[in-house]
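Enquirer: What follows is target12.csv, CSV, C-alpha atoms.
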```csv
chain,number,residue,atom,x,y,z
A,1,MET,CA,105.3,138.7,103.6
A,2,ARG,CA,103.1,138.9,106.7
A,3,LYS,CA,104.9,138.9,110.0
A,4,LYS,CA,104.2,135.8,112.1
A,5,PRO,CA,102.5,136.4,115.5
A,6,PHE,CA,104.5,136.4,118.7
A,7,TRP,CA,102.9,133.1,120.0
A,8,TYR,CA,103.9,131.3,116.8
A,9,ARG,CA,107.6,132.1,117.4
A,10,LEU,CA,107.2,131.4,121.1
A,11,SER,CA,105.7,127.9,120.5
A,12,ASN,CA,108.6,127.0,118.1
A,13,VAL,CA,111.2,128.0,120.8
A,14,LYS,CA,109.3,126.0,123.5
A,15,ASN,CA,109.0,122.9,121.3
A,16,ARG,CA,112.8,122.8,120.7
A,17,PHE,CA,113.1,121.6,124.3
A,18,PHE,CA,110.5,118.8,124.0
A,19,PHE,CA,111.3,117.2,120.7
A,20,GLY,CA,114.2,115.0,119.8
A,21,SER,CA,115.0,117.5,117.1
A,22,TYR,CA,112.9,120.4,115.8
A,23,GLY,CA,113.3,122.3,112.5
A,24,LYS,CA,112.7,125.9,111.6
A,25,ASP,CA,109.3,127.3,110.6
A,26,VAL,CA,107.3,124.4,112.0
A,27,TYR,CA,103.6,125.0,112.6
A,28,ILE,CA,101.6,122.6,114.8
A,29,GLU,CA,97.9,123.7,115.0
A,30,SER,CA,96.0,123.6,118.3
A,31,GLY,CA,94.2,120.3,118.9
A,32,VAL,CA,97.2,118.2,117.8
A,33,VAL,CA,98.1,115.5,120.4
A,34,ILE,CA,101.7,114.3,120.4
A,35,ASN,CA,102.9,111.9,123.1
A,36,ARG,CA,106.6,111.4,123.9
A,37,PRO,CA,107.9,114.1,121.5
A,38,ARG,CA,111.5,113.5,122.5
A,39,PHE,CA,111.5,110.4,120.2
A,40,ILE,CA,110.4,112.5,117.2
A,41,HIS,CA,112.5,114.4,114.7
A,42,VAL,CA,110.6,117.2,112.9
A,43,GLY,CA,112.2,118.8,109.9
A,44,ASP,CA,112.0,122.4,108.6
A,45,HIS,CA,108.7,123.9,107.2
A,46,VAL,CA,106.5,121.1,108.6
A,47,ARG,CA,102.8,121.6,109.0
A,48,ILE,CA,100.6,119.4,111.3
A,49,LYS,CA,96.9,120.3,111.2
A,50,ARG,CA,94.3,120.1,114.0
A,51,ASN,CA,92.9,116.9,115.5
A,52,THR,CA,95.9,114.8,114.5
A,53,SER,CA,97.2,112.2,117.0
A,54,ILE,CA,100.9,111.2,117.0
A,55,ASN,CA,101.8,108.3,119.4
A,56,VAL,CA,105.2,107.0,120.0
A,57,HIS,CA,105.8,103.8,121.9
A,58,PRO,CA,109.5,103.2,122.7
A,59,LYS,CA,110.7,99.9,124.0
A,60,ASP,CA,113.1,101.7,126.3
A,61,LYS,CA,111.7,105.0,127.6
A,62,LYS,CA,115.2,106.1,128.7
A,63,SER,CA,116.5,105.7,125.1
A,64,LYS,CA,117.3,108.7,123.0
A,65,GLU,CA,116.7,107.0,119.7
A,66,ILE,CA,114.4,108.8,117.2
A,67,LEU,CA,111.4,106.5,116.3
A,68,LEU,CA,109.5,108.9,114.1
A,69,PHE,CA,111.3,110.9,111.5
A,70,ILE,CA,109.3,113.7,109.7
A,71,GLY,CA,111.3,115.3,106.9
A,72,ASP,CA,111.4,118.8,105.6
A,73,SER,CA,108.3,120.4,104.1
A,74,VAL,CA,105.9,117.6,105.1
A,75,ILE,CA,102.2,118.5,105.5
A,76,ILE,CA,100.1,116.3,107.7
A,77,SER,CA,96.4,117.3,107.3
A,78,GLU,CA,93.5,117.1,109.8
A,79,SER,CA,92.5,114.1,111.8
A,80,CYS,CA,95.4,111.9,111.0
A,81,PHE,CA,96.7,109.1,113.2
A,82,ILE,CA,100.4,108.1,113.3
A,83,SER,CA,101.8,105.5,115.6
A,84,ALA,CA,105.4,104.5,115.9
A,85,ALA,CA,107.0,101.8,118.0
A,86,ASN,CA,110.1,100.9,116.0
A,87,ARG,CA,110.9,103.1,113.0
A,88,LEU,CA,108.6,105.3,110.9
A,89,VAL,CA,110.1,107.6,108.3
A,90,ILE,CA,108.3,110.2,106.3
A,91,GLU,CA,110.8,111.8,103.9
A,92,GLU,CA,110.7,115.4,102.6
A,93,ASN,CA,107.9,117.0,100.7
A,94,VAL,CA,105.3,114.3,101.5
A,95,GLY,CA,101.7,115.3,101.6
A,96,ILE,CA,99.3,113.4,103.9
A,97,SER,CA,95.6,114.1,103.4
A,98,PRO,CA,93.0,114.2,106.2
A,99,ASN,CA,92.0,111.0,108.1
A,100,VAL,CA,95.1,109.0,107.1
A,101,MET,CA,96.3,106.3,109.4
A,102,ILE,CA,100.0,105.3,109.4
A,103,ILE,CA,101.2,102.7,111.9
A,104,ASP,CA,104.3,100.5,112.3
A,105,ASN,CA,102.7,98.3,114.9
A,106,SER,CA,99.6,96.3,115.6
A,107,ARG,CA,98.3,93.6,117.9
A,108,LYS,CA,99.3,89.9,117.4
A,109,LEU,CA,96.5,87.4,117.4
A,110,GLY,CA,96.9,85.5,120.6
A,111,ASP,CA,95.3,84.1,123.7
A,112,ILE,CA,91.5,84.6,123.3
A,113,SER,CA,91.1,84.6,127.1
A,114,ARG,CA,92.9,88.0,127.2
A,115,PRO,CA,91.5,91.3,125.9
A,116,SER,CA,92.9,92.5,122.6
A,117,LYS,CA,94.5,95.5,124.3
A,118,GLU,CA,96.6,93.2,126.4
A,119,GLN,CA,97.9,91.1,123.4
A,120,ASP,CA,101.5,91.4,122.4
A,121,LEU,CA,102.5,94.0,119.8
A,122,LYS,CA,103.6,93.0,116.3
A,123,ILE,CA,106.2,95.7,115.4
A,124,GLY,CA,107.6,96.5,112.0
A,125,HIS,CA,108.7,99.6,110.1
A,126,VAL,CA,107.2,102.1,107.7
A,127,HIS,CA,109.1,104.2,105.2
A,128,ILE,CA,107.4,106.8,102.9
A,129,GLY,CA,109.6,108.1,100.1
A,130,ALA,CA,110.2,111.8,99.2
A,131,ASP,CA,107.6,113.7,97.2
A,132,SER,CA,104.8,111.2,97.8
A,133,TRP,CA,101.2,111.9,98.5
A,134,ILE,CA,98.9,109.8,100.7
A,135,ALA,CA,95.2,110.6,99.8
A,136,TYR,CA,92.2,110.9,102.0
A,137,GLY,CA,91.5,108.1,104.5
A,138,ALA,CA,94.3,105.8,103.4
A,139,CYS,CA,95.8,103.3,105.8
A,140,VAL,CA,99.5,102.3,105.8
A,141,PHE,CA,100.3,99.2,107.8
A,142,PRO,CA,103.5,97.9,109.3
A,143,ASN,CA,106.4,96.5,107.2
A,144,VAL,CA,105.7,98.8,104.2
A,145,THR,CA,108.0,100.9,102.1
A,146,ILE,CA,106.3,103.4,99.8
A,147,GLY,CA,108.8,104.5,97.2
A,148,ARG,CA,109.7,108.0,96.1
A,149,HIS,CA,107.1,110.1,94.3
A,150,CYS,CA,104.2,107.7,94.8
A,151,ILE,CA,100.5,108.5,95.0
A,152,ILE,CA,98.3,106.4,97.2
A,153,GLY,CA,94.6,106.7,96.3
A,154,ALA,CA,91.8,107.7,98.7
A,155,LEU,CA,90.7,105.0,101.1
A,156,SER,CA,93.5,102.6,100.0
A,157,VAL,CA,94.9,100.0,102.4
A,158,VAL,CA,98.7,99.7,101.9
A,159,ASN,CA,99.9,96.4,103.4
A,160,ARG,CA,102.8,95.7,101.0
A,161,ASP,CA,105.6,97.7,99.4
A,162,ILE,CA,104.9,100.2,96.6
A,163,PRO,CA,107.7,100.8,94.1
A,164,PRO,CA,108.9,104.3,93.3
A,165,TYR,CA,107.0,106.5,90.8
A,166,SER,CA,103.8,104.5,91.2
A,167,LEU,CA,100.1,105.2,91.6
A,168,ALA,CA,98.5,102.6,93.9
A,169,VAL,CA,94.8,102.3,94.8
A,170,GLY,CA,92.4,99.9,96.4
A,171,SER,CA,92.1,97.5,99.4
A,172,PRO,CA,94.7,96.1,99.4
A,173,ALA,CA,96.5,98.8,97.4
A,174,LYS,CA,97.7,97.6,94.0
A,175,VAL,CA,99.9,99.6,91.6
A,176,VAL,CA,97.7,100.7,88.6
A,177,LYS,CA,100.2,103.0,86.9
A,178,ARG,CA,103.9,103.7,86.9
A,179,PHE,CA,105.8,106.7,85.7
A,180,ASP,CA,108.1,105.7,82.7
A,181,LEU,CA,111.3,107.7,83.3
A,182,GLU,CA,112.5,107.1,79.8
A,183,LYS,CA,109.3,108.4,78.1
A,184,GLY,CA,108.6,111.0,80.8
A,185,GLU,CA,104.9,110.0,81.1
A,186,TRP,CA,102.6,107.9,83.3
```
Please express what this file holds, its structure, as structure tokens.

Expert:
Amino acid sequence: MRKKPFWYRLSNVKNRFFFGSYGKDVYIESGVVINRPRFIHVGDHVRIKRNTSINVHPKDKKSKEILLFIGDSVIISESCFISAANRLVIEENVGISPNVMIIDNSRKLGDISRPSKEQDLKIGHVHIGADSWIAYGACVFPNVTIGRHCIIGALSVVNRDIPPYSLAVGSPAKVVKRFDLEKGEW
């Protein structure tokens, strides 16, 4: 096994002071933007690739509550966008392909005399079950639970719950296959 460079170990030590909690053997590539890391839990063996943006918007900036939970052995590929304002959970062994957007908040439709960036936030939750895979360019919107061992197809828009052991595709995402646990096949 190849020895990790000194700066790799040094950045892991440094990050332990900034994050809410920070696991072992975490690799965050250069070009990743993370704001308010103290509201984020990062598990062991997590990889976050370049040009990913992770934004956390706590209601109370003095709070110590974890808003974004990233479980063990999660891989977040290039150019992803993750935004958490309430509770966003990514369980262990989840793979997130490039250009995926996962948000637990969005803007409410409101007063048209005000710019959209000044409208009130609509806040929900997102929960992605263990061993799931979110394919290229998918969008996961607020108030969604994706069950354990799910596959979300490329460019899908997930705006409702997906049951465990499902393959969901489309806009909006619909379950097209389920794994039959009794037969052991899709």

Enquirer: List the spatial neighbours of Glu92 (chain A) as a PyMOL selection string - criterion: any atom at most 9 Å away, all atoms listed in the file, same-chain residues fewer than 2 positions off excluded.

Expert: chain A and resi 43+70-74+90+94+129-132

Enquirer: Could you work out how far CA of Ile66 (chain A) lies from CA of Pro172 (chain A), giving the answer in Å with one decimal?

Expert: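 Spanning CA of Pro172 (chain A) to CA of Ile66 (chain A) is a straight-line distance of 29.4 Å.
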
Enquirer: To one decimal in Å, tell me the separation between CA of Ile103 (chain A) and CA of Asp120 (chain A).

Expert: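 Atom-to-atom, CA of Ile103 (chain A) and CA of Asp120 (chain A) are spaced 15.4 Å apart.
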
Enquirer: Which is closer to Ser30 (chain A) than all the others in A:Arg16, A:Thr52, A:Leu68, A:Asp44, using all atoms listed in the file?

Expert: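 The closest residue to Ser30 (chain A) is A:Thr52.
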
Enquirer: Go through A:Val126, A:Val169, A:Leu109, A:Val100 and flag the residue nearest Leu67 (chain A), using only C-alpha atoms for the distances.

Expert: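 Once distances to Leu67 (chain A) are computed over only C-alpha atoms, the minimum belongs to A:Val126.
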
Enquirer: Just give me the gap between CA of Ser77 (chain A) and CA of Asn99 (chain A) in Å, one decimal is fine.

Expert: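 Result for CA of Ser77 (chain A) versus CA of Asn99 (chain A): 7.7 Å, one decimal.
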
Enquirer: Between A:Asp180, A:Glu118, A:Asp25, A:Glu65, single out the one closest to Asn86 (chain A), counting all atoms listed in the file.

Expert: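 Comparing A:Asp180, A:Glu118, A:Asp25, A:Glu65 against Asn86 (chain A), the winner is A:Glu65.
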
Enquirer: Using only C-alpha atoms, which residue out of A:His41, A:Leu167, A:Ile82, A:Asn51 lies closest to Phe141 (chain A)?

Expert: A:Ile82

Enquirer: Which residue out of A:Asn93, A:Ser79, A:Gln119, A:Asn143 has the minimum interatomic distance to Asn105 (chain A) when only C-alpha atoms are used?

Expert: A:Asn143

Enquirer: Could you give me, as a PyMOL selection string, the residues that sit within 12 Å of (100.9, 102.1, 100.7) in the file's coordinates, counting only C-alpha atoms?

Expert: chain A and resi 96+100-103+126-129+132-135+137-164+166-175

Enquirer: Within 7 Å of Tyr27 (chain A), counting all atoms listed in the file, which residues qualify if same-chain residues fewer than 2 places away don't, as a PyMOL selection string?

Expert: chain A and resi 25+29+46-48

Enquirer: Using all atoms listed in the file, which residue out of A:Phe19, A:Trp186, A:Phe69, A:Phe81 lies closest to Val32 (chain A)?

Expert: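 Closest candidate: A:Phe81.
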